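Text of input-v2.txt, listed as compact mmCIF, C-alpha atoms and all ligand atoms:
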# COMPACT_ATOMS: atom_id res chain seq x y z
CA MET Y 1 17.81 -2.49 18.58
CA TYR Y 2 15.46 -3.71 15.82
CA LYS Y 3 18.34 -3.93 13.35
CA PHE Y 4 20.27 -6.04 15.85
CA PHE Y 5 17.22 -8.24 16.35
CA PHE Y 6 16.69 -8.45 12.58
CA GLN Y 7 20.27 -9.67 12.09
CA LEU Y 8 20.01 -12.12 14.97
CA VAL Y 9 16.56 -13.62 14.51
CA PHE Y 10 14.55 -12.56 11.46
CA LYS Y 11 17.37 -12.75 8.92
CA ARG Y 12 18.00 -16.41 9.73
CA MET Y 13 14.35 -17.28 9.53
CA ASP Y 14 12.29 -17.93 6.40
CA ALA Y 15 10.89 -14.53 5.36
CA GLU Y 16 7.23 -15.57 5.51
CA ARG Y 17 7.66 -17.20 8.95
CA ALA Y 18 9.35 -14.05 10.22
CA HIS Y 19 6.43 -12.02 8.89
CA HIS Y 20 3.90 -14.21 10.72
CA LEU Y 21 5.91 -14.07 13.93
CA ALA Y 22 6.22 -10.27 13.90
CA PHE Y 23 2.58 -10.03 12.91
CA ARG Y 24 1.53 -12.15 15.88
CA TRP Y 25 3.48 -9.89 18.26
CA ILE Y 26 1.89 -6.77 16.81
CA ARG Y 27 -1.60 -8.24 17.15
CA LEU Y 28 -0.90 -9.42 20.66
CA ALA Y 29 0.45 -6.05 21.80
CA ALA Y 30 -2.62 -4.33 20.35
CA ARG Y 31 -4.88 -6.54 22.47
CA ILE Y 32 -3.31 -5.54 25.80
CA PRO Y 33 -4.72 -2.13 26.83
CA VAL Y 34 -1.81 -0.81 28.90
CA LEU Y 35 0.78 -2.04 26.43
CA ARG Y 36 -0.96 -0.68 23.34
CA THR Y 37 -1.44 2.72 24.95
CA PHE Y 38 2.25 2.81 25.84
CA VAL Y 39 3.39 1.64 22.38
CA ALA Y 40 1.11 4.08 20.58
CA ALA Y 41 2.31 6.96 22.75
CA ALA Y 42 5.90 6.07 21.87
CA LEU Y 43 5.50 5.19 18.19
CA ALA Y 44 2.50 7.16 17.00
CA PRO Y 45 2.96 10.71 18.27
CA ARG Y 46 0.63 13.04 16.38
CA TYR Y 47 1.76 16.17 14.56
CA LYS Y 48 -0.96 18.77 14.02
CA GLU Y 49 0.82 20.11 10.97
CA LEU Y 50 0.74 16.70 9.27
CA ARG Y 51 -3.04 16.31 9.51
CA THR Y 52 -4.24 15.38 6.09
CA GLU Y 53 -7.53 15.62 4.29
CA ALA Y 54 -7.74 13.30 1.34
CA LEU Y 55 -10.49 11.42 -0.47
CA GLY Y 56 -12.97 13.36 1.65
CA LEU Y 57 -11.46 11.75 4.78
CA ARG Y 58 -9.65 13.30 7.72
CA MET Y 59 -6.45 11.50 8.66
CA HIS Y 60 -3.81 11.96 11.36
CA GLY Y 61 -1.18 12.24 8.67
CA PRO Y 62 -0.29 11.26 5.12
CA PHE Y 63 1.57 8.01 5.75
CA GLY Y 64 -0.02 4.59 5.58
CA LEU Y 65 0.67 0.90 5.32
CA ALA Y 66 0.55 -0.42 1.76
CA ALA Y 67 -1.62 -3.38 0.79
CA GLY Y 68 -0.36 -6.93 1.25
CA PHE Y 69 0.83 -6.76 4.84
CA ASP Y 70 -2.56 -7.19 6.49
CA LYS Y 71 -4.36 -9.17 3.82
CA ASN Y 72 -7.23 -10.33 6.02
CA ALA Y 73 -7.84 -7.24 8.17
CA VAL Y 74 -6.65 -8.86 11.37
CA ALA Y 75 -4.19 -6.20 12.57
CA ILE Y 76 -5.66 -2.80 11.76
CA ASP Y 77 -5.37 -1.56 15.35
CA GLY Y 78 -1.89 -3.04 15.64
CA MET Y 79 -0.70 -1.13 12.60
CA ALA Y 80 -2.39 2.08 13.80
CA MET Y 81 -0.61 1.54 17.13
CA LEU Y 82 2.69 1.54 15.19
CA GLY Y 83 1.83 4.94 13.74
CA PHE Y 84 0.38 4.25 10.31
CA ASP Y 85 -2.20 6.92 9.49
CA HIS Y 86 -4.09 4.60 7.22
CA VAL Y 87 -4.04 0.86 6.74
CA GLU Y 88 -4.83 -0.63 3.36
CA ILE Y 89 -6.01 -4.18 3.89
CA GLY Y 90 -6.00 -6.87 1.20
CA THR Y 91 -5.67 -7.71 -1.51
CA VAL Y 92 -8.98 -9.47 -0.90
CA THR Y 93 -10.37 -11.61 -3.70
CA GLY Y 94 -13.98 -12.61 -4.33
CA GLU Y 95 -13.31 -16.15 -3.07
CA ALA Y 96 -10.81 -17.42 -0.50
CA GLN Y 97 -7.62 -18.86 -1.98
CA PRO Y 98 -4.31 -20.25 -0.68
CA GLY Y 99 -1.97 -18.29 -2.95
CA ASN Y 100 1.12 -19.77 -4.56
CA PRO Y 101 3.14 -22.66 -3.13
CA LYS Y 102 5.82 -21.70 -0.58
CA LYS Y 103 8.59 -20.48 -0.71
CA ARG Y 104 7.13 -17.30 -2.15
CA LEU Y 105 8.70 -14.40 -0.25
CA PHE Y 106 12.40 -13.57 -0.50
CA ARG Y 107 14.57 -10.95 1.20
CA LEU Y 108 17.24 -9.23 -0.87
CA VAL Y 109 18.96 -7.72 2.13
CA ALA Y 110 21.89 -6.20 0.21
CA ASP Y 111 19.36 -4.33 -1.93
CA ARG Y 112 16.94 -3.44 0.88
CA ALA Y 113 14.35 -5.16 -1.27
CA LEU Y 114 11.89 -8.04 -1.34
CA ILE Y 115 10.66 -10.34 -4.06
CA ASN Y 116 7.25 -11.88 -3.54
CA ARG Y 117 4.98 -14.18 -5.47
CA MET Y 118 2.40 -14.64 -2.74
CA GLY Y 119 -0.44 -14.79 -5.27
CA PHE Y 120 -3.18 -13.13 -3.20
CA ASN Y 121 -3.34 -15.66 -0.37
CA ASN Y 122 -6.39 -14.48 1.57
CA GLU Y 123 -9.56 -15.60 3.30
CA GLY Y 124 -11.85 -14.14 0.64
CA SER Y 125 -14.34 -11.28 0.57
CA ALA Y 126 -17.06 -12.92 2.71
CA ALA Y 127 -14.74 -13.73 5.65
CA VAL Y 128 -12.95 -10.38 5.53
CA ALA Y 129 -16.25 -8.49 5.32
CA ALA Y 130 -17.54 -10.36 8.37
CA ARG Y 131 -14.35 -9.51 10.28
CA LEU Y 132 -14.58 -5.83 9.36
CA ALA Y 133 -18.26 -5.74 10.31
CA ALA Y 134 -17.48 -7.19 13.74
CA ARG Y 135 -14.50 -4.93 14.34
CA ASN Y 136 -14.46 -2.76 17.42
CA PRO Y 137 -11.78 -0.17 16.65
CA VAL Y 138 -9.41 0.89 19.41
CA PHE Y 139 -7.48 3.50 17.45
CA ARG Y 140 -9.01 5.89 14.98
CA THR Y 141 -7.47 5.14 11.60
CA THR Y 142 -8.48 5.13 7.98
CA VAL Y 143 -9.14 1.70 6.48
CA GLY Y 144 -8.63 1.17 2.77
CA VAL Y 145 -9.84 -2.07 1.21
CA ASN Y 146 -7.86 -3.36 -1.75
CA ILE Y 147 -9.62 -5.89 -3.99
CA GLY Y 148 -8.32 -8.19 -6.72
CA LYS Y 149 -9.33 -11.07 -8.93
CA THR Y 150 -9.71 -14.64 -7.67
CA LYS Y 151 -7.14 -16.74 -9.54
CA ALA Y 152 -9.64 -19.42 -10.62
CA VAL Y 153 -11.91 -16.80 -12.21
CA ALA Y 154 -11.28 -16.29 -15.94
CA GLU Y 155 -10.01 -12.91 -17.08
CA ALA Y 156 -13.25 -12.42 -19.03
CA ASP Y 157 -15.28 -12.80 -15.82
CA ALA Y 158 -13.03 -10.58 -13.72
CA ALA Y 159 -15.55 -7.75 -13.35
CA ALA Y 160 -18.12 -10.03 -11.68
CA ASP Y 161 -15.50 -11.16 -9.15
CA TYR Y 162 -14.55 -7.56 -8.30
CA VAL Y 163 -18.24 -6.66 -8.07
CA LYS Y 164 -18.83 -9.52 -5.63
CA SER Y 165 -16.01 -8.22 -3.40
CA THR Y 166 -17.31 -4.67 -3.71
CA GLU Y 167 -20.82 -5.64 -2.66
CA ARG Y 168 -19.45 -7.39 0.42
CA LEU Y 169 -16.70 -4.96 1.39
CA ALA Y 170 -17.61 -1.43 0.28
CA ALA Y 171 -19.71 -0.72 3.38
CA HIS Y 172 -16.66 -1.35 5.56
CA ALA Y 173 -14.17 0.60 3.46
CA ASP Y 174 -13.16 4.22 4.00
CA TYR Y 175 -11.82 3.86 0.48
CA LEU Y 176 -11.77 1.05 -2.06
CA VAL Y 177 -8.87 0.13 -4.35
CA VAL Y 178 -9.13 -1.85 -7.56
CA ASN Y 179 -5.84 -3.69 -7.81
CA VAL Y 180 -5.00 -4.57 -11.40
CA SER Y 181 -1.25 -4.48 -10.99
CA SER Y 182 0.04 -7.43 -8.97
CA PRO Y 183 2.32 -9.58 -11.10
CA ASN Y 184 1.44 -12.87 -9.39
CA THR Y 185 -2.06 -13.52 -10.73
CA PRO Y 186 -1.84 -14.59 -14.37
CA GLY Y 187 -3.48 -12.04 -16.69
CA LEU Y 188 -4.33 -9.56 -13.91
CA ARG Y 189 -2.19 -6.76 -15.27
CA ASN Y 190 -3.90 -7.02 -18.68
CA LEU Y 191 -6.86 -5.40 -16.91
CA GLN Y 192 -4.86 -2.16 -16.89
CA ALA Y 193 -5.52 -1.73 -20.62
CA THR Y 194 -8.18 0.96 -20.91
CA GLU Y 195 -10.58 -1.25 -22.90
CA SER Y 196 -10.66 -3.68 -19.94
CA LEU Y 197 -10.22 -1.11 -17.19
CA ARG Y 198 -13.11 1.13 -18.26
CA PRO Y 199 -15.89 -1.49 -17.85
CA LEU Y 200 -14.24 -2.89 -14.73
CA LEU Y 201 -14.03 0.45 -12.90
CA THR Y 202 -17.52 1.39 -14.07
CA ALA Y 203 -18.94 -1.88 -12.72
CA VAL Y 204 -17.15 -1.48 -9.37
CA ARG Y 205 -18.31 2.15 -9.07
CA GLU Y 206 -21.90 1.12 -9.73
CA ALA Y 207 -21.69 -1.77 -7.28
CA ALA Y 208 -20.28 0.51 -4.56
CA ASP Y 209 -23.05 3.08 -5.15
CA ARG Y 210 -25.71 0.37 -5.12
CA THR Y 211 -24.42 -1.12 -1.88
CA VAL Y 212 -23.56 2.01 0.07
CA THR Y 213 -26.16 4.70 -0.40
CA HIS Y 214 -25.55 7.08 2.52
CA ARG Y 215 -22.03 8.12 1.39
CA ARG Y 216 -19.89 7.92 -1.72
CA VAL Y 217 -17.10 5.38 -1.19
CA PRO Y 218 -13.90 6.79 -2.73
CA LEU Y 219 -12.59 4.54 -5.50
CA LEU Y 220 -8.93 4.27 -6.50
CA VAL Y 221 -6.95 2.15 -8.93
CA LYS Y 222 -3.48 0.76 -8.22
CA ILE Y 223 -1.08 0.54 -11.14
CA ALA Y 224 2.18 -1.21 -11.98
CA PRO Y 225 5.52 0.54 -12.44
CA ASP Y 226 6.07 -1.57 -15.54
CA LEU Y 227 3.44 0.26 -17.60
CA ALA Y 228 4.86 2.16 -20.55
CA ASP Y 229 4.63 5.93 -20.10
CA GLU Y 230 1.82 6.25 -22.64
CA ASP Y 231 -0.16 3.61 -20.74
CA VAL Y 232 0.33 5.56 -17.51
CA ASP Y 233 -1.11 8.57 -19.34
CA ALA Y 234 -4.02 6.48 -20.63
CA VAL Y 235 -4.92 5.28 -17.13
CA ALA Y 236 -4.65 8.87 -15.84
CA ASP Y 237 -6.99 10.15 -18.57
CA LEU Y 238 -9.43 7.31 -17.93
CA ALA Y 239 -9.41 8.03 -14.19
CA VAL Y 240 -10.33 11.65 -14.85
CA GLU Y 241 -13.00 10.67 -17.37
CA LEU Y 242 -14.62 8.19 -14.96
CA GLY Y 243 -14.44 10.55 -11.99
CA LEU Y 244 -12.19 8.20 -10.05
CA ASP Y 245 -10.98 9.50 -6.70
CA GLY Y 246 -7.40 8.35 -6.76
CA ILE Y 247 -4.51 6.45 -8.30
CA ILE Y 248 -1.97 4.45 -6.29
CA ALA Y 249 1.46 4.35 -7.88
CA THR Y 250 2.97 1.82 -7.74
CA ASN Y 251 2.77 -1.89 -7.15
CA THR Y 252 5.87 -4.13 -7.33
CA THR Y 253 7.92 -4.50 -10.52
CA ILE Y 254 8.75 -7.54 -12.63
CA ALA Y 255 11.88 -5.73 -13.86
CA ARG Y 256 15.32 -6.81 -12.67
CA GLU Y 257 17.54 -5.24 -15.33
CA GLY Y 258 19.12 -1.87 -14.78
CA LEU Y 259 18.25 -1.71 -11.10
CA GLY Y 260 21.83 -2.26 -9.94
CA LEU Y 261 20.82 -5.20 -7.77
CA LYS Y 262 23.63 -6.45 -5.52
CA SER Y 263 22.03 -9.61 -4.13
CA PRO Y 264 23.06 -13.12 -5.26
CA SER Y 265 21.75 -13.89 -8.74
CA SER Y 266 19.93 -16.98 -7.44
CA LEU Y 267 17.73 -14.63 -5.41
CA VAL Y 268 17.42 -11.94 -8.06
CA LYS Y 269 16.18 -14.62 -10.48
CA GLU Y 270 13.23 -15.60 -8.28
CA THR Y 271 10.01 -14.81 -10.11
CA GLY Y 272 7.58 -12.35 -8.58
CA GLY Y 273 7.28 -8.67 -7.81
CA LEU Y 274 10.29 -6.73 -6.62
CA SER Y 275 9.71 -4.03 -4.01
CA GLY Y 276 11.79 -1.77 -1.79
CA ALA Y 277 14.73 0.49 -2.58
CA PRO Y 278 15.32 -0.57 -6.22
CA LEU Y 279 11.74 0.48 -7.05
CA LYS Y 280 12.17 4.01 -5.72
CA GLU Y 281 13.19 5.77 -8.90
CA ARG Y 282 10.55 4.30 -11.21
CA SER Y 283 7.71 4.72 -8.69
CA LEU Y 284 8.62 8.37 -8.25
CA GLU Y 285 8.82 8.81 -12.01
CA VAL Y 286 5.35 7.30 -12.53
CA LEU Y 287 3.94 9.49 -9.75
CA SER Y 288 5.43 12.68 -11.25
CA ARG Y 289 4.08 11.73 -14.66
CA LEU Y 290 0.61 11.14 -13.22
CA TYR Y 291 0.67 14.49 -11.42
CA GLY Y 292 1.69 16.21 -14.65
CA ARG Y 293 -1.34 14.65 -16.30
CA VAL Y 294 -4.04 14.95 -13.62
CA GLY Y 295 -2.73 17.68 -11.31
CA ASP Y 296 -5.03 18.24 -8.35
CA ARG Y 297 -8.07 16.67 -9.99
CA ILE Y 298 -7.32 13.23 -8.55
CA THR Y 299 -5.70 12.17 -5.28
CA LEU Y 300 -2.37 10.46 -5.88
CA VAL Y 301 -0.87 7.92 -3.51
CA GLY Y 302 2.90 7.42 -3.76
CA VAL Y 303 4.30 3.98 -2.88
CA GLY Y 304 7.40 2.00 -3.84
CA GLY Y 305 10.76 2.25 -2.12
CA VAL Y 306 9.74 4.83 0.48
CA GLU Y 307 12.42 4.13 3.08
CA ASN Y 308 12.57 7.32 5.11
CA ALA Y 309 11.18 10.82 5.62
CA GLU Y 310 13.14 12.25 2.70
CA ASP Y 311 11.60 9.70 0.33
CA ALA Y 312 8.12 10.48 1.68
CA TRP Y 313 8.75 14.22 1.31
CA GLN Y 314 9.92 13.75 -2.29
CA ARG Y 315 6.69 11.87 -3.07
CA ILE Y 316 4.64 14.71 -1.61
CA LEU Y 317 6.56 17.33 -3.59
CA ALA Y 318 6.06 15.21 -6.70
CA GLY Y 319 2.29 15.15 -6.23
CA ALA Y 320 1.32 12.54 -3.65
CA THR Y 321 -1.26 13.56 -1.05
CA LEU Y 322 -0.83 10.18 0.61
CA VAL Y 323 2.29 8.03 0.85
CA GLN Y 324 2.58 4.34 1.70
CA GLY Y 325 5.29 1.85 2.57
CA TYR Y 326 5.73 -1.87 3.03
CA SER Y 327 9.22 -3.28 2.35
CA ALA Y 328 11.14 -0.69 4.36
CA PHE Y 329 8.95 -1.54 7.35
CA ILE Y 330 10.49 -5.03 7.25
CA TYR Y 331 13.99 -3.55 7.31
CA GLU Y 332 13.42 -0.54 9.55
CA GLY Y 333 11.07 -2.15 12.08
CA PRO Y 334 8.56 -0.57 14.45
CA LEU Y 335 10.14 2.90 14.41
CA TYR Y 336 9.56 3.25 10.66
CA ALA Y 337 6.36 5.33 10.70
CA ARG Y 338 7.51 7.42 13.65
CA ALA Y 339 10.75 8.37 11.87
CA ILE Y 340 8.81 9.34 8.77
CA HIS Y 341 6.39 11.55 10.69
CA LYS Y 342 9.16 13.27 12.62
CA GLY Y 343 11.20 13.88 9.48
CA LEU Y 344 8.19 15.11 7.51
CA ALA Y 345 7.27 17.61 10.23
CA ALA Y 346 10.86 18.91 10.24
CA ARG Y 347 10.96 19.19 6.45
CA LEU Y 348 7.65 21.01 6.33
CA ALA Y 349 8.82 23.46 9.01
CA ALA Y 350 12.02 24.17 7.05
CA SER Y 351 10.17 24.53 3.73
CA PRO Y 352 8.50 27.56 2.19
CA TYR Y 353 5.10 25.82 2.42
CA ALA Y 354 2.60 26.80 5.10
CA THR Y 355 0.81 23.45 5.05
CA LEU Y 356 1.46 19.95 3.84
CA ALA Y 357 -1.29 20.42 1.27
CA ASP Y 358 0.64 23.38 -0.19
CA ALA Y 359 3.68 21.13 -0.66
CA VAL Y 360 1.77 18.51 -2.65
CA GLY Y 361 3.05 18.63 -6.23
CA ALA Y 362 5.16 21.74 -5.65
CA GLU Y 363 8.27 20.27 -7.32
CA SER Y 364 6.30 18.89 -10.24
CA ARG Y 365 4.64 22.29 -10.78
CA LYS Y 366 8.02 24.02 -10.69
CA ALA Y 367 9.49 21.56 -13.18
CA ALA Y 368 6.56 22.12 -15.54
CA LYS Y 369 7.10 25.91 -15.67
C1 LIG U 401 5.07 -9.47 0.45
C2 LIG U 401 4.28 -8.43 -0.31
C3 LIG U 401 2.95 -8.65 -0.57
C4 LIG U 401 2.22 -7.69 -1.27
N1 LIG U 401 0.89 -7.91 -1.50
C5 LIG U 401 0.16 -6.97 -2.12
C6 LIG U 401 -1.23 -7.14 -2.31
O1 LIG U 401 -1.82 -8.15 -1.90
N2 LIG U 401 -1.90 -6.17 -2.97
C7 LIG U 401 -1.30 -5.03 -3.43
O2 LIG U 401 -1.97 -4.17 -4.00
N3 LIG U 401 0.02 -4.83 -3.24
C8 LIG U 401 0.75 -5.77 -2.60
N4 LIG U 401 2.08 -5.56 -2.40
C9 LIG U 401 2.72 -4.34 -2.96
C10 LIG U 401 2.83 -3.23 -1.94
O3 LIG U 401 1.56 -2.81 -1.51
C11 LIG U 401 3.58 -2.03 -2.55
O4 LIG U 401 2.83 -1.50 -3.61
C12 LIG U 401 4.95 -2.41 -3.07
O5 LIG U 401 5.57 -3.36 -2.24
C13 LIG U 401 5.87 -1.20 -3.20
O6 LIG U 401 6.07 -0.58 -1.94
P1 LIG U 401 7.37 -0.87 -1.03
O7 LIG U 401 8.56 -0.68 -1.91
O8 LIG U 401 7.26 0.13 0.08
O9 LIG U 401 7.25 -2.27 -0.55
C14 LIG U 401 2.84 -6.50 -1.71
C15 LIG U 401 4.19 -6.29 -1.43
C16 LIG U 401 4.92 -7.23 -0.73
C17 LIG U 401 6.37 -6.97 -0.44
Please render this file's structure as structure tokens.
Amino acid sequence: MYKFFFQLVFKRMDAERAHHLAFRWIRLAARIPVLRTFVAAALAPRYKELRTEALGLRMHGPFGLAAGFDKNAVAIDGMAMLGFDHVEIGTVTGEAQPGNPKKRLFRLVADRALINRMGFNNEGSAAVAARLAARNPVFRTTVGVNIGKTKAVAEADAAADYVKSTERLAAHADYLVVNVSSPNTPGLRNLQATESLRPLLTAVREAADRTVTHRRVPLLVKIAPDLADEDVDAVADLAVELGLDGIIATNTTIAREGLGLKSPSSLVKETGGLSGAPLKERSLEVLSRLYGRVGDRITLVGVGGVENAEDAWQRILAGATLVQGYSAFIYEGPLYARAIHKGLAARLAASPYATLADAVGAESRKAAK
């Protein structure tokens, strides 16, 4: 049904317009009590065996919506209604900004992929904090807040911009993510180098602790798949050293070579971050590498090309306690999270593991022996 609709309507429409249209429907449905109850019952059935404890938080399951879909925290209940166990809002920057000129989002349908160069279009930390503060949740879900650098702020002043966002947003975040891996803000990914990342993460940690005193807000960092393996190791070691709570692997890639892309070269050549199916292999590789380095000391979040339950299961076996998706949601539609939950429950039941937590990293541990 969705696939038919996608072919008929969305595929003909500009990708960003289609996103806004679908987004409006989701938000609308979530505002109508009878409808949202019906939709949630159909699309967000709960599985006891998938209940997940991560980052000191209790969640309905391990599968969430990756950052970038709900940049301004306007559809948290809508996404929970569609079955996402956590919703990562953002990226939110210190100041509001329009992002890059349109067109900036492209569908590579033949590759089940997207290229985007949105450039952190968002309403800024003050507006998003006010919205979160005023929020009256309908569905219980975990809310992650992903923060990034305002484009107009110089790289040297990045920490102050992240600190500003932290001071405004930490109180409303179940967990906080420092995004240093989007390819569409010039210089942002340089912040992944440990000499820049160490002071940045330290400053954000301190700001979160200063602002929120009654609990410790879990802090994660989100990394790019384009990091060299030794840089992945360096971030992992730094995360352990700083007592970080988690690492999200991965953001979109700037790579195009060697991914076997089938879409027209005019599309493939668009600049920006590539996400979806072609990212699957590298994201999984980075995740496995991270698990080999940090084991159970840090919560790992697997994202990049997770299209179905098997992909989600493979991320869990590789070491992810939480899994996220974005691009496949565009292609699979509203049944995406439901299919993943159903398939995960079936895989767990057929596996030798008593709980989902037992399955986390099981393949990586076996491979290491
Ligand atoms: C249109 C679009 C916008 C995105 N915006 C953000 C963002 O603002 N912040 C962020 O951390 N990641 C962003 N991402 C990256 C996703 O969160 C995710 O890491 C990436 O797309 C890989 O997952 P996927 O293959 O399931 O899409 C964006 C992705 C897409 C497709």
task = With all atoms listed in the file counted, collect every polymer residue having an atom within 6 Å of ligand LIG 401 (chain U); state the result as a list in words.
result =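 So, counting all atoms listed in the file, the residues near ligand LIG 401 (chain U) are Ala66, Ala67, Gly68, Gly90, Thr91, Leu114, Asn116, Phe120, Asn179, Thr250, Asn251, Thr252, Ser275, Gly276, Val303, Gly304, Gly305, Val306, Gly325, Tyr326, Ser327 and Ala328 of chain Y.
One finds CA of Gly258 in chain Y at 13.2 Å from CA of Ala277 in chain Y.
You can rank Y:Met81, Y:Ala320, Y:Met59, Y:Ala30 by their closest distance to Leu335 in chain Y using all atoms listed in the file, and at the top of that list sits Y:Met81.
Distances from Y:Ala368, Y:Ile330, Y:Val217, Y:Leu82 to Pro45 in chain Y were compared using only C-alpha atoms, and the smallest one belongs to Y:Leu82.
The interatomic distance for the pair CA of Arg112 in chain Y and CA of Val323 in chain Y works out to 18.6 Å.
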task = Between CA of Asp14 in chain Y and CA of Lys102 in chain Y, measure the distance and give it in Å to one decimal.
result =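 Computing the Euclidean distance for CA of Asp14 in chain Y and CA of Lys102 in chain Y yields 10.2 Å.
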query = Of the candidates Y:Asp209, Y:Glu95, Y:Asp77, Y:Asp226, which shows the shortest atom-to-atom distance to Glu285 in chain Y, using only C-alpha atoms?
reply =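 Going through Y:Asp209, Y:Glu95, Y:Asp77, Y:Asp226 one by one, the smallest distance to Glu285 in chain Y is for Y:Asp226.
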Near-Arg205 in chain Y list (12 Å; only C-alpha atoms; drop same-chain fewer than 2 positions) as a PDB file with C-alpha atoms, keeping the file's coordinate frame:
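Result went into around04.pdb, see below:
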ATOM      1  CA  ALA Y 159     -15.550  -7.750 -13.350  1.00  0.00           C
ATOM      2  CA  TYR Y 162     -14.550  -7.560  -8.300  1.00  0.00           C
ATOM      3  CA  VAL Y 163     -18.240  -6.660  -8.070  1.00  0.00           C
ATOM      4  CA  THR Y 166     -17.310  -4.670  -3.710  1.00  0.00           C
ATOM      5  CA  GLU Y 167     -20.820  -5.640  -2.660  1.00  0.00           C
ATOM      6  CA  ALA Y 170     -17.610  -1.430   0.280  1.00  0.00           C
ATOM      7  CA  TYR Y 175     -11.820   3.860   0.480  1.00  0.00           C
ATOM      8  CA  LEU Y 176     -11.770   1.050  -2.060  1.00  0.00           C
ATOM      9  CA  VAL Y 177      -8.870   0.130  -4.350  1.00  0.00           C
ATOM     10  CA  VAL Y 178      -9.130  -1.850  -7.560  1.00  0.00           C
ATOM     11  CA  LEU Y 197     -10.220  -1.110 -17.190  1.00  0.00           C
ATOM     12  CA  ARG Y 198     -13.110   1.130 -18.260  1.00  0.00           C
ATOM     13  CA  PRO Y 199     -15.890  -1.490 -17.850  1.00  0.00           C
ATOM     14  CA  LEU Y 200     -14.240  -2.890 -14.730  1.00  0.00           C
ATOM     15  CA  LEU Y 201     -14.030   0.450 -12.900  1.00  0.00           C
ATOM     16  CA  THR Y 202     -17.520   1.390 -14.070  1.00  0.00           C
ATOM     17  CA  ALA Y 203     -18.940  -1.880 -12.720  1.00  0.00           C
ATOM     18  CA  ALA Y 207     -21.690  -1.770  -7.280  1.00  0.00           C
ATOM     19  CA  ALA Y 208     -20.280   0.510  -4.560  1.00  0.00           C
ATOM     20  CA  ASP Y 209     -23.050   3.080  -5.150  1.00  0.00           C
ATOM     21  CA  ARG Y 210     -25.710   0.370  -5.120  1.00  0.00           C
ATOM     22  CA  THR Y 211     -24.420  -1.120  -1.880  1.00  0.00           C
ATOM     23  CA  VAL Y 212     -23.560   2.010   0.070  1.00  0.00           C
ATOM     24  CA  THR Y 213     -26.160   4.700  -0.400  1.00  0.00           C
ATOM     25  CA  ARG Y 216     -19.890   7.920  -1.720  1.00  0.00           C
ATOM     26  CA  VAL Y 217     -17.100   5.380  -1.190  1.00  0.00           C
ATOM     27  CA  PRO Y 218     -13.900   6.790  -2.730  1.00  0.00           C
ATOM     28  CA  LEU Y 219     -12.590   4.540  -5.500  1.00  0.00           C
ATOM     29  CA  LEU Y 220      -8.930   4.270  -6.500  1.00  0.00           C
ATOM     30  CA  VAL Y 221      -6.950   2.150  -8.930  1.00  0.00           C
ATOM     31  CA  ALA Y 239      -9.410   8.030 -14.190  1.00  0.00           C
ATOM     32  CA  LEU Y 242     -14.620   8.190 -14.960  1.00  0.00           C
ATOM     33  CA  GLY Y 243     -14.440  10.550 -11.990  1.00  0.00           C
ATOM     34  CA  LEU Y 244     -12.190   8.200 -10.050  1.00  0.00           C
ATOM     35  CA  ASP Y 245     -10.980   9.500  -6.700  1.00  0.00           C
TER      36      ASP Y 245
END
remark   = Nearest to Glu49 in chain Y, restricted to all atoms listed in the file and choosing among Y:Ala367, Y:Ala133, Y:Ile254, Y:Ala346, comes out as Y:Ala346
inquiry  = Which residue is closest to Ala129 in chain Y? Choose from Y:Ala156, Y:Ala73, Y:Ile248, Y:Val240 and count only C-alpha atoms.
reply    =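 Comparing Y:Ala156, Y:Ala73, Y:Ile248, Y:Val240 against Ala129 in chain Y, the winner is Y:Ala73.
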All residues 10 Å or closer to Ser165 in chain Y, only C-alpha atoms, same chain fewer than 6 positions away omitted, as a PDB file with C-alpha atoms, in the coordinates of the input:
ATOM      1  CA  VAL Y  92      -8.980  -9.470  -0.900  1.00  0.00           C
ATOM      2  CA  THR Y  93     -10.370 -11.610  -3.700  1.00  0.00           C
ATOM      3  CA  GLY Y  94     -13.980 -12.610  -4.330  1.00  0.00           C
ATOM      4  CA  GLU Y  95     -13.310 -16.150  -3.070  1.00  0.00           C
ATOM      5  CA  GLY Y 124     -11.850 -14.140   0.640  1.00  0.00           C
ATOM      6  CA  SER Y 125     -14.340 -11.280   0.570  1.00  0.00           C
ATOM      7  CA  ALA Y 126     -17.060 -12.920   2.710  1.00  0.00           C
ATOM      8  CA  VAL Y 128     -12.950 -10.380   5.530  1.00  0.00           C
ATOM      9  CA  ALA Y 129     -16.250  -8.490   5.320  1.00  0.00           C
ATOM     10  CA  VAL Y 145      -9.840  -2.070   1.210  1.00  0.00           C
ATOM     11  CA  ASN Y 146      -7.860  -3.360  -1.750  1.00  0.00           C
ATOM     12  CA  ILE Y 147      -9.620  -5.890  -3.990  1.00  0.00           C
ATOM     13  CA  GLY Y 148      -8.320  -8.190  -6.720  1.00  0.00           C
ATOM     14  CA  LYS Y 149      -9.330 -11.070  -8.930  1.00  0.00           C
ATOM     15  CA  THR Y 150      -9.710 -14.640  -7.670  1.00  0.00           C
ATOM     16  CA  ALA Y 159     -15.550  -7.750 -13.350  1.00  0.00           C
ATOM     17  CA  VAL Y 204     -17.150  -1.480  -9.370  1.00  0.00           C
ATOM     18  CA  ALA Y 207     -21.690  -1.770  -7.280  1.00  0.00           C
ATOM     19  CA  ALA Y 208     -20.280   0.510  -4.560  1.00  0.00           C
TER      20      ALA Y 208
END
request  = May I have the residues within 9 Å of Asn100 in chain Y as a PyMOL selection string, using all atoms listed in the file and disregarding those fewer than 6 positions away in the same chain?
outcome  = chain Y and resi 117-121+184
query = Which residue gives the smallest distance to Ala75 in chain Y among Y:Gly333, Y:Gly295, Y:Gly272, Y:Pro137, with all atoms listed in the file counted?
reply =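 Of Y:Gly333, Y:Gly295, Y:Gly272, Y:Pro137, the one nearest Ala75 in chain Y, counting all atoms listed in the file, is Y:Pro137.
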